[in-house]
Every structure is written in C-alpha cells, then in structure tokens.
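Next comes coords27.cif, with mmCIF, C-alpha atoms.
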```cif
data_input
loop_
_atom_site.group_PDB
_atom_site.id
_atom_site.type_symbol
_atom_site.label_atom_id
_atom_site.label_comp_id
_atom_site.auth_asym_id
_atom_site.auth_seq_id
_atom_site.Cartn_x
_atom_site.Cartn_y
_atom_site.Cartn_z
ATOM 1 C CA MET A 1 73.238 24.766 79.020
ATOM 2 C CA ALA A 2 73.230 28.003 76.992
ATOM 3 C CA THR A 3 73.589 31.268 78.875
ATOM 4 C CA GLN A 4 71.934 33.457 76.282
ATOM 5 C CA ALA A 5 70.040 36.301 77.912
ATOM 6 C CA GLY A 6 66.291 36.361 77.660
ATOM 7 C CA PRO A 7 64.130 39.487 77.566
ATOM 8 C CA ASP A 8 64.218 39.802 81.360
ATOM 9 C CA ARG A 9 67.742 38.573 81.871
ATOM 10 C CA PRO A 10 70.423 40.907 80.497
ATOM 11 C CA LEU A 11 73.956 39.650 80.037
ATOM 12 C CA ARG A 12 76.642 40.573 82.552
ATOM 13 C CA ALA A 13 79.217 43.073 81.276
ATOM 14 C CA ASP A 14 81.913 40.418 80.735
ATOM 15 C CA ALA A 15 79.467 38.084 78.981
ATOM 16 C CA ARG A 16 78.312 40.968 76.794
ATOM 17 C CA ARG A 17 81.920 41.731 75.834
ATOM 18 C CA ASN A 18 82.508 38.076 74.958
ATOM 19 C CA ARG A 19 79.335 37.914 72.886
ATOM 20 C CA ASP A 20 80.198 41.131 71.038
ATOM 21 C CA ALA A 21 83.734 39.857 70.365
ATOM 22 C CA LEU A 22 82.365 36.551 69.072
ATOM 23 C CA MET A 23 79.900 38.370 66.838
ATOM 24 C CA GLN A 24 82.596 40.543 65.250
ATOM 25 C CA ALA A 25 84.897 37.540 64.845
ATOM 26 C CA ALA A 26 82.104 35.485 63.252
ATOM 27 C CA ILE A 27 81.201 38.253 60.802
ATOM 28 C CA GLY A 28 84.853 38.557 59.782
ATOM 29 C CA ALA A 29 85.296 34.815 59.416
ATOM 30 C CA PHE A 30 82.046 34.305 57.501
ATOM 31 C CA THR A 31 82.952 37.156 55.147
ATOM 32 C CA GLN A 32 86.414 35.718 54.533
ATOM 33 C CA HIS A 33 85.695 31.977 54.488
ATOM 34 C CA GLY A 34 81.935 31.585 54.140
ATOM 35 C CA VAL A 35 79.509 30.094 56.638
ATOM 36 C CA ASP A 36 81.597 26.923 56.938
ATOM 37 C CA ALA A 37 84.358 28.893 58.676
ATOM 38 C CA SER A 38 85.908 27.057 61.607
ATOM 39 C CA LEU A 39 84.142 27.738 64.892
ATOM 40 C CA GLU A 40 87.423 27.134 66.689
ATOM 41 C CA ASP A 41 89.008 29.857 64.563
ATOM 42 C CA ILE A 42 86.140 32.206 65.388
ATOM 43 C CA ALA A 43 86.653 31.577 69.105
ATOM 44 C CA ARG A 44 90.389 32.247 68.724
ATOM 45 C CA ARG A 45 89.726 35.483 66.843
ATOM 46 C CA ALA A 46 87.436 36.576 69.665
ATOM 47 C CA GLY A 47 90.023 35.664 72.309
ATOM 48 C CA VAL A 48 87.763 33.165 74.066
ATOM 49 C CA GLY A 49 87.533 29.404 74.396
ATOM 50 C CA ILE A 50 85.290 27.239 72.251
ATOM 51 C CA GLY A 51 83.154 26.535 75.326
ATOM 52 C CA THR A 52 82.356 30.238 75.620
ATOM 53 C CA LEU A 53 81.281 30.299 71.977
ATOM 54 C CA TYR A 54 78.904 27.372 72.527
ATOM 55 C CA ARG A 55 77.461 28.929 75.666
ATOM 56 C CA HIS A 56 76.397 31.967 73.650
ATOM 57 C CA PHE A 57 75.655 30.168 70.360
ATOM 58 C CA PRO A 58 74.820 26.479 70.949
ATOM 59 C CA THR A 59 74.920 25.653 67.213
ATOM 60 C CA ARG A 60 76.515 26.968 64.031
ATOM 61 C CA ASP A 61 73.025 27.861 62.835
ATOM 62 C CA ALA A 62 72.480 30.032 65.923
ATOM 63 C CA LEU A 63 75.721 31.895 65.200
ATOM 64 C CA VAL A 64 74.861 32.383 61.521
ATOM 65 C CA GLU A 65 71.398 33.667 62.475
ATOM 66 C CA ALA A 66 72.858 36.111 65.007
ATOM 67 C CA ALA A 67 75.446 37.383 62.505
ATOM 68 C CA TYR A 68 72.770 37.901 59.848
ATOM 69 C CA ARG A 69 70.455 39.698 62.262
ATOM 70 C CA HIS A 70 73.322 41.901 63.482
ATOM 71 C CA GLY A 71 74.320 42.850 59.933
ATOM 72 C CA VAL A 72 70.809 43.877 58.918
ATOM 73 C CA GLU A 73 70.356 45.838 62.141
ATOM 74 C CA GLN A 74 73.564 47.723 61.343
ATOM 75 C CA LEU A 75 72.293 48.368 57.806
ATOM 76 C CA SER A 76 69.069 49.762 59.232
ATOM 77 C CA ALA A 77 71.009 51.943 61.674
ATOM 78 C CA ARG A 78 73.096 53.190 58.746
ATOM 79 C CA ALA A 79 69.955 54.691 57.210
ATOM 80 C CA THR A 80 69.269 56.639 60.396
ATOM 81 C CA GLU A 81 72.886 57.790 60.599
ATOM 82 C CA LEU A 82 72.945 58.983 56.987
ATOM 83 C CA SER A 83 69.634 60.783 57.372
ATOM 84 C CA ALA A 84 71.032 62.699 60.325
ATOM 85 C CA THR A 85 74.320 63.665 58.689
ATOM 86 C CA THR A 86 73.606 64.406 55.024
ATOM 87 C CA ASP A 87 70.883 65.579 52.665
ATOM 88 C CA PRO A 88 68.062 63.129 51.801
ATOM 89 C CA GLU A 89 69.165 62.522 48.201
ATOM 90 C CA THR A 90 72.732 61.679 49.213
ATOM 91 C CA ALA A 91 71.502 59.621 52.165
ATOM 92 C CA LEU A 92 69.354 57.461 49.878
ATOM 93 C CA GLU A 93 72.119 56.838 47.349
ATOM 94 C CA LYS A 94 74.750 56.087 49.987
ATOM 95 C CA TRP A 95 72.412 53.684 51.755
ATOM 96 C CA MET A 96 71.667 51.852 48.522
ATOM 97 C CA LEU A 97 75.418 51.441 47.988
ATOM 98 C CA SER A 98 75.775 50.167 51.557
ATOM 99 C CA PHE A 99 73.016 47.656 50.839
ATOM 100 C CA VAL A 100 74.647 46.158 47.747
ATOM 101 C CA ASP A 101 78.060 46.120 49.439
ATOM 102 C CA TYR A 102 76.572 44.278 52.421
ATOM 103 C CA VAL A 103 74.801 41.687 50.289
ATOM 104 C CA ALA A 104 77.940 41.103 48.189
ATOM 105 C CA THR A 105 79.920 40.085 51.260
ATOM 106 C CA LYS A 106 77.169 38.429 53.344
ATOM 107 C CA ARG A 107 75.055 36.677 50.718
ATOM 108 C CA GLY A 108 75.997 33.264 52.107
ATOM 109 C CA LEU A 109 74.403 33.971 55.485
ATOM 110 C CA ALA A 110 70.930 34.508 54.047
ATOM 111 C CA ALA A 111 71.311 31.569 51.645
ATOM 112 C CA VAL A 112 72.053 29.153 54.479
ATOM 113 C CA LEU A 113 69.130 30.422 56.531
ATOM 114 C CA ARG A 114 66.751 30.228 53.562
ATOM 115 C CA SER A 115 67.597 26.538 53.175
ATOM 116 C CA THR A 116 65.577 26.053 56.358
ATOM 117 C CA ALA A 117 63.204 28.971 55.790
ATOM 118 C CA ASP A 118 60.371 27.590 57.938
ATOM 119 C CA THR A 119 62.661 27.594 60.963
ATOM 120 C CA HIS A 120 63.676 31.203 60.361
ATOM 121 C CA ALA A 121 60.355 32.683 59.239
ATOM 122 C CA GLU A 122 60.232 35.018 62.245
ATOM 123 C CA LEU A 123 63.791 36.235 61.603
ATOM 124 C CA PHE A 124 63.094 36.952 57.926
ATOM 125 C CA ALA A 125 59.905 38.838 58.833
ATOM 126 C CA TYR A 126 61.899 40.901 61.340
ATOM 127 C CA VAL A 127 64.740 41.843 58.979
ATOM 128 C CA HIS A 128 62.322 42.478 56.104
ATOM 129 C CA GLY A 129 60.448 44.903 58.332
ATOM 130 C CA LEU A 130 63.682 46.681 59.280
ATOM 131 C CA LEU A 131 64.745 47.099 55.662
ATOM 132 C CA GLN A 132 61.304 48.209 54.479
ATOM 133 C CA SER A 133 61.163 50.835 57.232
ATOM 134 C CA ALA A 134 64.644 52.101 56.356
ATOM 135 C CA ILE A 135 63.842 52.331 52.643
ATOM 136 C CA ALA A 136 60.476 54.014 53.226
ATOM 137 C CA ALA A 137 61.998 56.683 55.465
ATOM 138 C CA LEU A 138 64.784 57.423 52.986
ATOM 139 C CA LEU A 139 62.419 57.557 50.003
ATOM 140 C CA ASP A 140 59.905 59.767 51.779
ATOM 141 C CA ALA A 141 62.605 62.237 52.812
ATOM 142 C CA ALA A 142 64.135 62.410 49.333
ATOM 143 C CA ALA A 143 60.734 62.758 47.646
ATOM 144 C CA ALA A 144 59.726 65.514 50.063
ATOM 145 C CA THR A 145 62.639 67.646 48.851
ATOM 146 C CA GLY A 146 61.772 67.018 45.203
ATOM 147 C CA ALA A 147 65.069 65.177 44.655
ATOM 148 C CA ILE A 148 63.369 61.994 43.416
ATOM 149 C CA ARG A 149 59.983 61.117 41.958
ATOM 150 C CA ALA A 150 57.169 60.859 44.478
ATOM 151 C CA ASP A 151 55.816 57.615 42.992
ATOM 152 C CA VAL A 152 58.813 55.412 43.896
ATOM 153 C CA ASN A 153 57.617 52.408 45.877
ATOM 154 C CA GLY A 154 59.769 50.928 48.639
ATOM 155 C CA THR A 155 58.892 47.340 47.750
ATOM 156 C CA ASP A 156 59.813 47.978 44.101
ATOM 157 C CA LEU A 157 63.117 49.515 45.127
ATOM 158 C CA MET A 158 63.895 46.550 47.384
ATOM 159 C CA ARG A 159 63.248 44.175 44.487
ATOM 160 C CA ALA A 160 65.421 46.241 42.165
ATOM 161 C CA LEU A 161 68.294 46.257 44.651
ATOM 162 C CA GLY A 162 67.874 42.531 45.196
ATOM 163 C CA GLY A 163 68.048 41.954 41.457
ATOM 164 C CA ILE A 164 71.250 43.988 41.217
ATOM 165 C CA CYS A 165 72.789 41.924 43.989
ATOM 166 C CA MET A 166 71.741 38.567 42.550
ATOM 167 C CA ALA A 167 72.975 39.429 39.057
ATOM 168 C CA ASN A 168 76.517 40.140 40.166
ATOM 169 C CA SER A 169 79.231 38.041 41.732
ATOM 170 C CA GLU A 170 81.165 38.710 44.922
ATOM 171 C CA THR A 171 84.271 39.631 42.901
ATOM 172 C CA PRO A 172 85.554 43.233 42.876
ATOM 173 C CA GLN A 173 84.392 43.514 39.252
ATOM 174 C CA GLY A 174 80.912 42.330 40.168
ATOM 175 C CA GLN A 175 80.721 44.718 43.098
ATOM 176 C CA GLU A 176 81.815 47.616 40.894
ATOM 177 C CA GLN A 177 79.112 46.744 38.377
ATOM 178 C CA SER A 178 76.571 46.699 41.214
ATOM 179 C CA ARG A 179 77.611 50.201 42.196
ATOM 180 C CA ARG A 180 77.223 51.422 38.597
ATOM 181 C CA LEU A 181 73.743 49.906 38.453
ATOM 182 C CA VAL A 182 72.825 51.661 41.692
ATOM 183 C CA ALA A 183 73.849 54.957 40.069
ATOM 184 C CA LEU A 184 71.599 54.178 37.069
ATOM 185 C CA LEU A 185 68.745 53.260 39.397
ATOM 186 C CA MET A 186 69.218 56.526 41.240
ATOM 187 C CA ASP A 187 69.129 58.435 37.930
ATOM 188 C CA GLY A 188 65.840 56.709 37.125
ATOM 189 C CA MET A 189 64.326 57.868 40.406
ATOM 190 C CA ARG A 190 65.527 61.423 39.718
ATOM 191 C CA TYR A 191 63.865 61.489 36.295
ATOM 192 C CA GLY A 192 60.780 63.692 36.431
ATOM 193 C CA ALA A 193 61.447 64.787 40.014
ATOM 194 C CA VAL A 194 59.851 68.068 41.060
ATOM 195 C CA HIS A 195 62.891 70.293 41.440
ATOM 196 C CA ARG A 196 64.482 68.919 38.257
ATOM 197 C CA ALA A 197 61.249 69.337 36.279
ATOM 198 C CA ARG A 198 61.134 72.982 37.330
ATOM 199 C CA SER A 199 64.790 73.745 36.618
#
```
With the file now loaded, output its structure as structure tokens.
Amino acid sequence: MATQAGPDRPLRADARRNRDALMQAAIGAFTQHGVDASLEDIARRAGVGIGTLYRHFPTRDALVEAAYRHGVEQLSARATELSATTDPETALEKWMLSFVDYVATKRGLAAVLRSTADTHAELFAYVHGLLQSAIAALLDAAAATGAIRADVNGTDLMRALGGICMANSETPQGQEQSRRLVALLMDGMRYGAVHRARS
C-alpha cells in the first residue's frame, strides 16, 4: 500500500528525505535517458531500495507526474527569485531563457502525460495556472518600468515560447537557436516601450 502523504498526513522526516532523493534521481534519469529510464536505476541513484520507490510512487506514471509537477513548480519559483534579485526587464528575459531550457530537457515528461490527457487534466490546469501567474507578474513588472510594451499579453507570450520550444530539437544547436529566438522575442516586446520611445 502506498505511503504517500495526504493533505492532513505529512511525511516523516526520513520519508521526506527519501522522496526528495527519489525526485532528484528521477529528474536526472529522465533528462538523461527519457521517461523509459530504469526505475531500478532511479532507486539506486537515490540510495534506496526499489520497494521504497514504489511506496512513494506506485507506478511509473505517478513518478513522471511528480517529476513534471516539481519541475514546473521550480520554474514558477524561479520567477519569484529573479523578481527579487534583479530588475524587471532582466528578470523577464532570464525567466524566458529558463523556460526554454527546461522544456528542451523535459519535453518528454509532458508528452507522456498528454498521451493520457484526460487522466491528467487537473495537473495540466494546475501547472498552466502556475506558469500564467509567473508570466503575468513578470510582464506587469517590466511594463510598469517602461522596459517593454504595455500591450504584451501573457497568453500570447506563452504561445510564442511554446512555439520556440517545439520548433527546435533537444540538441545543443537547437537549444542555442531557442535562446537566440528568445532574444528576438524580447527585442519585439521592447519595441515601442515607454522609456525607449522617450529616449
């Protein structure tokens, strides 16, 4: 029987450490080998037995879902971190680069989950909400300083970033092209911005 914690049942400290170790090991393995990575190898990387893995993640699908959720949550947290440590214009551009880098290495996770989209509708709604909130906050802050145009729409930007990611491969050359396209997209958002129009 799975020992996953429910809303009113937090994990013990040792179980939390095991789960965190399994999550990091799974993310590394999925990035390196794809979602068909050996679960036994993931358990070994985490320093636990395969039984411990199955207690936390009863199926491969459960592990893939948890890894995807964790990655998007980290991406959302990255927006908050950047906003607190740099100016809004830089924060927006750096976050966009983080987004395309993340998708380049984790595209397989979302693809597998989308193959059974009805089962994961709640998860996709959750991560979509996280990303939309992150983008809206970054855009609003950058527009408020006059660094970018005020009419940039978060949904449009999400689609543009998604298109950049889908058009390029996971090779270093493809990732570099994605980063160049992000720079062009950023230039487009700067065009006609308040403080540039006045300069």
Resolved residues for the PyMOL selection byres ((chain A and resi 27) around 10) as an MDAnalysis selection string = chainID A and resid 22:26 28:35 42 63:64 66:68 70:71 105:106 109
Save the residues we just selected, C-alpha atoms, as a PDB file, in the frame of the given file?
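Saved result, again_31.pdb, follows:
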```pdb
ATOM      1  CA  LEU A  22      82.365  36.551  69.072  1.00  0.00           C
ATOM      2  CA  MET A  23      79.900  38.370  66.838  1.00  0.00           C
ATOM      3  CA  GLN A  24      82.596  40.543  65.250  1.00  0.00           C
ATOM      4  CA  ALA A  25      84.897  37.540  64.845  1.00  0.00           C
ATOM      5  CA  ALA A  26      82.104  35.485  63.252  1.00  0.00           C
ATOM      6  CA  GLY A  28      84.853  38.557  59.782  1.00  0.00           C
ATOM      7  CA  ALA A  29      85.296  34.815  59.416  1.00  0.00           C
ATOM      8  CA  PHE A  30      82.046  34.305  57.501  1.00  0.00           C
ATOM      9  CA  THR A  31      82.952  37.156  55.147  1.00  0.00           C
ATOM     10  CA  GLN A  32      86.414  35.718  54.533  1.00  0.00           C
ATOM     11  CA  HIS A  33      85.695  31.977  54.488  1.00  0.00           C
ATOM     12  CA  GLY A  34      81.935  31.585  54.140  1.00  0.00           C
ATOM     13  CA  VAL A  35      79.509  30.094  56.638  1.00  0.00           C
ATOM     14  CA  ILE A  42      86.140  32.206  65.388  1.00  0.00           C
ATOM     15  CA  LEU A  63      75.721  31.895  65.200  1.00  0.00           C
ATOM     16  CA  VAL A  64      74.861  32.383  61.521  1.00  0.00           C
ATOM     17  CA  ALA A  66      72.858  36.111  65.007  1.00  0.00           C
ATOM     18  CA  ALA A  67      75.446  37.383  62.505  1.00  0.00           C
ATOM     19  CA  TYR A  68      72.770  37.901  59.848  1.00  0.00           C
ATOM     20  CA  HIS A  70      73.322  41.901  63.482  1.00  0.00           C
ATOM     21  CA  GLY A  71      74.320  42.850  59.933  1.00  0.00           C
ATOM     22  CA  THR A 105      79.920  40.085  51.260  1.00  0.00           C
ATOM     23  CA  LYS A 106      77.169  38.429  53.344  1.00  0.00           C
ATOM     24  CA  LEU A 109      74.403  33.971  55.485  1.00  0.00           C
TER      25      LEU A 109
END
```
Of the listed residues A:Ile164, A:Trp95, A:Arg44, A:Glu122, that which approaches Leu82 (chain A) most closely, counting all atoms listed in the file |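 Among the listed residues, A:Trp95 lies closest to Leu82 (chain A).
Put simply, CA of Glu89 (chain A) is 5.2 Å away from CA of Ala142 (chain A).
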Report the distance between CA of Asp101 (chain A) and CA of Pro58 (chain A) in Å, rounded to one decimal place.
->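 Atom-to-atom, CA of Asp101 (chain A) and CA of Pro58 (chain A) are spaced 29.3 Å apart.
Using all atoms listed in the file, the nearest neighbour of Ala77 (chain A) within the list A:Ala137, A:His120, A:Glu93, A:Asp151 is A:Ala137.
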Nearest to Glu73 (chain A) by atom-to-atom distance, counting all atoms listed in the file, from A:Gln173, A:Ser178, A:Val48, A:Leu131 =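 Among A:Gln173, A:Ser178, A:Val48, A:Leu131, it is A:Leu131 that comes nearest to Glu73 (chain A).
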Which residues come within 9 Å of Ala43 (chain A), counting all atoms listed in the file, excluding same-chain residues fewer than 3 positions away, as a VMD selection string?
-> chain A and resid 21 to 22 25 to 26 38 to 40 46 to 53
Can you write just those residues out, C-alpha atoms, as an mmCIF file, keeping the file's coordinate frame?
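Below you can see again35.cif, which holds the result:
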```
data_model
loop_
_atom_site.group_PDB
_atom_site.id
_atom_site.type_symbol
_atom_site.label_atom_id
_atom_site.label_comp_id
_atom_site.auth_asym_id
_atom_site.auth_seq_id
_atom_site.Cartn_x
_atom_site.Cartn_y
_atom_site.Cartn_z
ATOM 1 C CA ALA A 21 83.734 39.857 70.365
ATOM 2 C CA LEU A 22 82.365 36.551 69.072
ATOM 3 C CA ALA A 25 84.897 37.540 64.845
ATOM 4 C CA ALA A 26 82.104 35.485 63.252
ATOM 5 C CA SER A 38 85.908 27.057 61.607
ATOM 6 C CA LEU A 39 84.142 27.738 64.892
ATOM 7 C CA GLU A 40 87.423 27.134 66.689
ATOM 8 C CA ALA A 46 87.436 36.576 69.665
ATOM 9 C CA GLY A 47 90.023 35.664 72.309
ATOM 10 C CA VAL A 48 87.763 33.165 74.066
ATOM 11 C CA GLY A 49 87.533 29.404 74.396
ATOM 12 C CA ILE A 50 85.290 27.239 72.251
ATOM 13 C CA GLY A 51 83.154 26.535 75.326
ATOM 14 C CA THR A 52 82.356 30.238 75.620
ATOM 15 C CA LEU A 53 81.281 30.299 71.977
#
```
Taking into account all atoms listed in the file, which residue in the set A:His128, A:Asp87, A:Leu97, A:Val112 is nearest to Ala183 (chain A)?
-> A:Leu97
Could you check which of A:Ala15, A:Ala111, A:Leu75, A:Val182 is closest to Met96 (chain A), using only C-alpha atoms?
->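 Ranking A:Ala15, A:Ala111, A:Leu75, A:Val182 by distance to Met96 (chain A), first place goes to A:Val182.
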Using the file's own x, y and z axes, so that the box edges lie along x, y and z, what centre and edge lengths in Å (one decimal) does a box around every listed atom of region 143-146 of chain A get when 3 Å is added on each side? Give it as lines of an AutoDock Vina configuration file.
```
center_x = 61.2
center_y = 65.2
center_z = 47.6
size_x = 8.9
size_y = 10.9
size_z = 10.9
```
What is the distance, in Å and to one decimal place, between CA of Ala134 (chain A) and CA of Gly192 (chain A)?
->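 Going from CA of Ala134 (chain A) over to CA of Gly192 (chain A) covers 23.4 Å.
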Give the answer as one residue: which of A:Ser76, A:Glu65, A:Ala193, A:Thr59 has the shortest atom-to-atom distance to Thr145 (chain A), using all atoms listed in the file?
-> A:Ala193
